[in-house]
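A.B. asks: Before I ask anything, let me first share the structure, which is written out below as structure tokens.
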Amino acid sequence: MIKIIDDALPEDMFKKCFDFLNPTNTEFDFHNENIPWTLGRDILTKEELNPKLKSTYQMHHMLFWDKGKSEHYDGCLSAIKSILPELAEISLYRMKINALLNNSKVDAGITNIPHADLLEPHLSFVLYLNDSDGDTVFYKEKWDAIPLSQLTECKRVSPKKNRVVISDGNYHASQNPIDNEIRLILNAVIRMKEDNEKG
């Protein structure tokens with residue numbers, strides 16, 4: 001299941017939930033003293049990969065993980081729950097904001113490393129926070145898949161502000177923006193019980 005929802009949030013709710021990212025409403029800048037950003041690899045793997053798959057750096061702000069919550073957790077969770085009202089907070093595994101950057105070593109034919117967010121039944125939720133290039137590439141295979149070199153691409157979703165894409169455990173990969181400076185998303189990983197998994 002790969003579900004796309006455009007204009008997922010009312011405009012006023014989108015602004016209320018994510019105004020903290022750019023409170024001056026000018027050019028986006030990481031110099032925002034209210035948000036601690038961390039630099040790290042998009043995905044790391046020891047598996048031998050082909051030249052069209054590349055691990056690149058991204059910035060991220062953790063909203064919820066095993067060590068705690070961000071002060072911006074409640075607002076971002078309310079955005080997700082307005083789209084997935086059945087979401088139980090206890091099912092939430094991780095929630096973060098990712099900022100993938102323009103990278104001179106990447107061209108349009110390169111994606112980041114395909115991955116599944118958990119190796120058990122789960123939903124992956126992505127809300128694009130700005131208009132950008134840098135598709136999300138989805139594969140037919142899910143978390144218990146064959147080696148990365150044998151994945152089968154099945155769908156591409158282009159970033160568009162206030163567009164949501166929800167998948168149920170599919171391997172997927174992001175692409176760095178080339179025409180834009182930055183690609184911002186809200187990402188949540190939600191555990192599912194096996195018998196509740198929807199196809």
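Simple scheme: letters A, B, ... for chains in structure tokens order, numbers from 1 for residues in each chain, numbers from 1 for ligands in the order shown.
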Which polymer residues have any atom within 10 Å of an atom of Val106 in chain A, counting only C-alpha atoms, with same-chain residues fewer than 2 positions away left out, as a count of residues only?

C.D. replies: 16

A.B. asks: List the spatial neighbours of range 155-162 of chain A as a VMD selection string - criterion: any atom at most 8 Å away, only C-alpha atoms, same-chain residues fewer than 5 positions off excluded.

C.D. replies: chain A and resid 6 to 9 14 127 to 139 183

A.B. asks: Could you tell me how far CA of Phe125 in chain A lies from CA of Val164 in chain A, in Å and to one decimal?

C.D. replies: 7.2 Å

A.B. asks: So, counting only C-alpha atoms, which residue among A:Glu33, A:Trp65, A:Ile113, A:Ile146 is closest to Ile90 in chain A?

C.D. replies: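 Result for the nearest residue to Ile90 in chain A: A:Trp65.
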